[in-house]
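Participant: The structure's right below; bear with me while I get my questions together.
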Amino acid sequence: MVDVIIIGAGPAGLTAAIYALRAKKSVLVFESNMVGGQIVNTLDIENYPVNPHISGYDFATNLKKQAEELGATIINEKVVSIENDTNKKVKTEQNVYEGKTIIIASGLENRTLSIPNELELVGKGVSFCATCDGNFFRGKDVAVVGGGNTALEDALYLSNIVNKVYLIHRRNEFRGDTKTVEQIKTKSNIELVLESTISSINGKNALENIVVLNRDGSMRTIPISALFIAVGKKPNTDYLNGLINTDESGFIISDESCKTNIEGIFVAGDIREKKVRQLVTATSDGAVAALEAINYLNNN
Ligand code: NAP
């Protein structure tokens with residue numbers, strides 16, 4: 001039995017761990033993927049106070065080290081359900097753990113296009129992470145789909161290592177920052193394919209081409225070696241089995257106190273219903289959720 005079980009070892013979860021451990025509470029952190037969460041894939045973080053440039057990988061590595069030096073135990077098991085008994089139970093694929101409080105900080109997962117072949121060709125040309133996989137396609141033609149900051153930054157990053165980038169977006173205006181769009185427009189090897197959606201992803205053992213449907217009804221086959229899908233993220237709340245209240249999009253409902261509808265269960269980071277999802281708001285949530293959990297433990 002531990003004081004605080006934290007689900008997710010991204011910036012929110014690890015910050016929560018640091019605060020709880022500094023208050024001398026026992027902590028277990030569960031992570032089924034890479035420690036650090038989505039920020040690991042960011043090449044250069046420029047908007048986190050104090051350090052004007054740090055890679056996501058270094059940020060995550062430092063954060064993990066800081067939590068572990070305080071005594072955090074990070075368990076690499078996937079949480080499949082939680083229960084609200086006298087104590088809280090967290091079931092993983094392997095074990096059952098008990099805690100007096102839980103902080104849900106499991107973040108978001110990639111949204112998909114829901115097109116045949118999309119998932120089958122992951123690792124064979126289809127990727128959800130340009131910074132992880134871009135280098136495999138050095139000198140080749142690739143495509144990025146999406147119109148947010150992730151797609152824009154992916155296209156910029158890839159334009160420096162591949163031959164050509166097709167940036168496919170379903171509207172003619174980007175959701176991402178104007179400054180980044182301006183940078184994109186200066187790149188001669190990025191072709192904007194706007195008002196277009198991908199209607200098929202083709203290839204047997206490796207990606208060969210995609211077919212793109214334009215709003216005017218015209219179709220175009222684009223031969224590419226890689227397709228980077230950057231159409232946003234969605235919360236993964238399946239393992240909560242309806243125990244925790246969410247909004248219609250699946251984000252956990254809470255106010256600035258990071259409390260959920262269940263006493264002793266808190267939420268932190270991108271999985272919380274909120275307007276601003278940034279690194280700084282994730283770490284802020286982690287601190288708030290941990291302080292609320294500490295307060296709960298001291299009064300129960
Ligand atoms: P996002 O902002 O939600 O953008 C997702 C994009 O994918 C949108 O352009 C959307 O089109 C498109 N899309 C969604 N579903 C689609 C579908 N089924 N088919 C085709 N296109 C589809 O997601 P994101 O780019 O991952 O960014 C997430 C958050 O992180 C944002 O707040 C972003 O600003 C932030 N972020 C910040 C930085 C930075 O500050 N450096 C870097 C990366 C991300 P529509 O526009 O038509 O809806």
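Residues are named by chain letter and number: chains run A, B, ... in the order of the structure tokens, numbers start at 1 in each chain, and ligands are numbered from 1 in the order shown.
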Given a cut-off of 9 Å, what residues near ligand 1 show up using only C-alpha atoms and all ligand atoms, put as a PyMOL selection string?
Facilitator: chain A and resi 42+44-47+110-114+145-154+168-177+196-198+229-234+275-279
Participant: Let's have the selection written as a JSON list (two decimals), in the first residue's frame, with C-alpha atoms.
Facilitator:
[["chain", "number", "residue", "atom", "x", "y", "z"],
["A", 42, "THR", "CA", 9.88, 17.75, -29.17],
["A", 44, "ASP", "CA", 13.62, 22.07, -28.94],
["A", 45, "ILE", "CA", 11.49, 23.47, -26.10],
["A", 46, "GLU", "CA", 11.67, 27.25, -26.32],
["A", 47, "ASN", "CA", 8.78, 28.31, -24.11],
["A", 110, "ASN", "CA", -2.46, 9.72, -31.19],
["A", 111, "ARG", "CA", -5.64, 10.33, -33.13],
["A", 112, "THR", "CA", -5.76, 8.24, -36.32],
["A", 113, "LEU", "CA", -7.26, 8.81, -39.77],
["A", 114, "SER", "CA", -9.25, 5.55, -39.60],
["A", 145, "VAL", "CA", -0.98, 15.12, -42.71],
["A", 146, "GLY", "CA", -2.51, 17.65, -40.31],
["A", 147, "GLY", "CA", -2.74, 21.41, -39.89],
["A", 148, "GLY", "CA", -1.78, 22.00, -36.25],
["A", 149, "ASN", "CA", 1.56, 22.96, -34.76],
["A", 150, "THR", "CA", 2.71, 19.35, -34.67],
["A", 151, "ALA", "CA", 2.16, 18.87, -38.41],
["A", 152, "LEU", "CA", 3.80, 22.22, -39.19],
["A", 153, "GLU", "CA", 6.84, 21.53, -37.03],
["A", 154, "ASP", "CA", 7.10, 17.99, -38.41],
["A", 168, "ILE", "CA", -1.65, 17.67, -46.57],
["A", 169, "HIS", "CA", -4.36, 19.57, -44.71],
["A", 170, "ARG", "CA", -8.13, 19.34, -44.99],
["A", 171, "ARG", "CA", -8.71, 23.11, -44.89],
["A", 172, "ASN", "CA", -6.99, 26.04, -46.60],
["A", 173, "GLU", "CA", -6.04, 27.66, -43.29],
["A", 174, "PHE", "CA", -3.75, 26.15, -40.73],
["A", 175, "ARG", "CA", -4.63, 25.75, -37.09],
["A", 176, "GLY", "CA", -0.96, 26.11, -36.11],
["A", 177, "ASP", "CA", 0.95, 29.33, -35.38],
["A", 196, "SER", "CA", -7.44, 17.72, -49.31],
["A", 197, "THR", "CA", -7.94, 14.49, -47.43],
["A", 198, "ILE", "CA", -6.20, 11.15, -47.78],
["A", 229, "ILE", "CA", 0.26, 11.42, -39.28],
["A", 230, "ALA", "CA", -0.14, 14.50, -37.05],
["A", 231, "VAL", "CA", -3.89, 14.97, -36.68],
["A", 232, "GLY", "CA", -3.97, 15.57, -32.95],
["A", 233, "LYS", "CA", -4.31, 13.52, -29.80],
["A", 234, "LYS", "CA", -7.18, 12.12, -27.77],
["A", 275, "LYS", "CA", -8.15, 25.26, -22.49],
["A", 276, "VAL", "CA", -4.37, 25.42, -22.51],
["A", 277, "ARG", "CA", -2.34, 22.23, -22.97],
["A", 278, "GLN", "CA", 1.30, 23.22, -22.67],
["A", 279, "LEU", "CA", 4.31, 21.80, -20.88]]
Participant: May I have the residues within 9 Å of A:Ile161 as a VMD selection string, using only C-alpha atoms and disregarding those fewer than 5 positions away in the same chain?
Facilitator: chain A and resid 134 to 135 137 to 140
Participant: Residues of stretch 45-283 of chain A classed as strand (DSSP E or B) by DSSP on the backbone are to be reported as number ranges by chain.
Facilitator: A: 45, 54, 73-75, 79-84, 88-92, 96-104, 108-110, 122, 126-127, 141-145, 164-168, 190-193, 196-202, 209-214, 219-223, 226-229, 233-235, 246, 252, 259, 265-267, 272
Participant: May I ask for the distance between atom CA of A:Leu43 and atom CA of A:Cys129, given in Å to one decimal place?
Facilitator: 11.3 Å
Participant: Using only C-alpha atoms, which of the listed residues (A:Ala290, A:Ala155, A:Val96, A:Ile210) sits closest to A:Ile82?
Facilitator: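 Closest candidate: A:Val96.
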Participant: Find the residue from A:Ser81, A:Thr61, A:Ser127, A:Asn298 that sits nearest to A:Ala20; use only C-alpha atoms when measuring.
Facilitator: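 Comparing A:Ser81, A:Thr61, A:Ser127, A:Asn298 against A:Ala20, the winner is A:Asn298.
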Participant: Can you tell me, as an MDAnalysis selection string, which residues in stretch 72-247 of chain A count as helix (DSSP H, G or I) by DSSP?
Facilitator: chainID A and resid 130:137 149:159 178:185 238:240
Participant: Okay, now the selection with C-alpha atoms, as an mmCIF file, in the first residue's frame?
Facilitator:
data_model
loop_
_atom_site.group_PDB
_atom_site.id
_atom_site.type_symbol
_atom_site.label_atom_id
_atom_site.label_comp_id
_atom_site.auth_asym_id
_atom_site.auth_seq_id
_atom_site.Cartn_x
_atom_site.Cartn_y
_atom_site.Cartn_z
ATOM 1 C CA ALA A 130 8.598 12.600 -37.309
ATOM 2 C CA THR A 131 11.437 13.270 -34.896
ATOM 3 C CA CYS A 132 11.657 9.556 -34.022
ATOM 4 C CA ASP A 133 11.438 8.131 -37.550
ATOM 5 C CA GLY A 134 12.258 10.959 -39.960
ATOM 6 C CA ASN A 135 15.889 9.984 -40.247
ATOM 7 C CA PHE A 136 14.969 6.620 -41.810
ATOM 8 C CA PHE A 137 13.681 8.529 -44.836
ATOM 9 C CA ASN A 149 1.563 22.955 -34.757
ATOM 10 C CA THR A 150 2.713 19.354 -34.666
ATOM 11 C CA ALA A 151 2.161 18.873 -38.412
ATOM 12 C CA LEU A 152 3.804 22.222 -39.195
ATOM 13 C CA GLU A 153 6.839 21.528 -37.031
ATOM 14 C CA ASP A 154 7.102 17.992 -38.414
ATOM 15 C CA ALA A 155 7.063 19.339 -41.979
ATOM 16 C CA LEU A 156 9.776 21.885 -41.150
ATOM 17 C CA TYR A 157 11.928 19.303 -39.406
ATOM 18 C CA LEU A 158 11.568 16.794 -42.245
ATOM 19 C CA SER A 159 12.273 19.412 -44.935
ATOM 20 C CA THR A 178 1.203 31.959 -38.134
ATOM 21 C CA LYS A 179 4.951 32.309 -37.513
ATOM 22 C CA THR A 180 5.505 28.631 -38.267
ATOM 23 C CA VAL A 181 3.257 28.803 -41.347
ATOM 24 C CA GLU A 182 5.413 31.683 -42.597
ATOM 25 C CA GLN A 183 8.543 29.569 -42.096
ATOM 26 C CA ILE A 184 6.908 26.709 -44.017
ATOM 27 C CA LYS A 185 6.228 29.020 -46.952
ATOM 28 C CA ASP A 238 -10.856 3.415 -21.441
ATOM 29 C CA TYR A 239 -9.226 1.961 -18.318
ATOM 30 C CA LEU A 240 -11.324 4.206 -16.076
#
Participant: Just checking: using only C-alpha atoms, which residue out of A:Thr237, A:Gln66, A:Asn202, A:Gln94 ends up closest to A:Thr221?
Facilitator: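 Comparing A:Thr237, A:Gln66, A:Asn202, A:Gln94 against A:Thr221, the winner is A:Asn202.
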Participant: If you count only C-alpha atoms, which residues fall within 12 Å of A:Lys204, apart from same-chain ones fewer than 6 positions away, as a PyMOL selection string?
Facilitator: chain A and resi 116-118+120-122+124-125
Participant: With distances taken over only C-alpha atoms, which of A:Arg22, A:Lys65, A:His53, A:Lys89 is nearest to A:Gly36?
Facilitator: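 Checking each candidate against A:Gly36, we get A:Lys65 as the closest.
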Participant: I want to know what sits within 12 Å of A:Asn95, based on only C-alpha atoms, with residues of the same chain fewer than 6 positions away left out; could you give that as a list in words?
Facilitator: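 Listing them by chain and then by number gives Phe30, Ile75, Asn76, Glu77, Lys78, Val79, Val80, Ser81, Ile82 and Lys89 of chain A.
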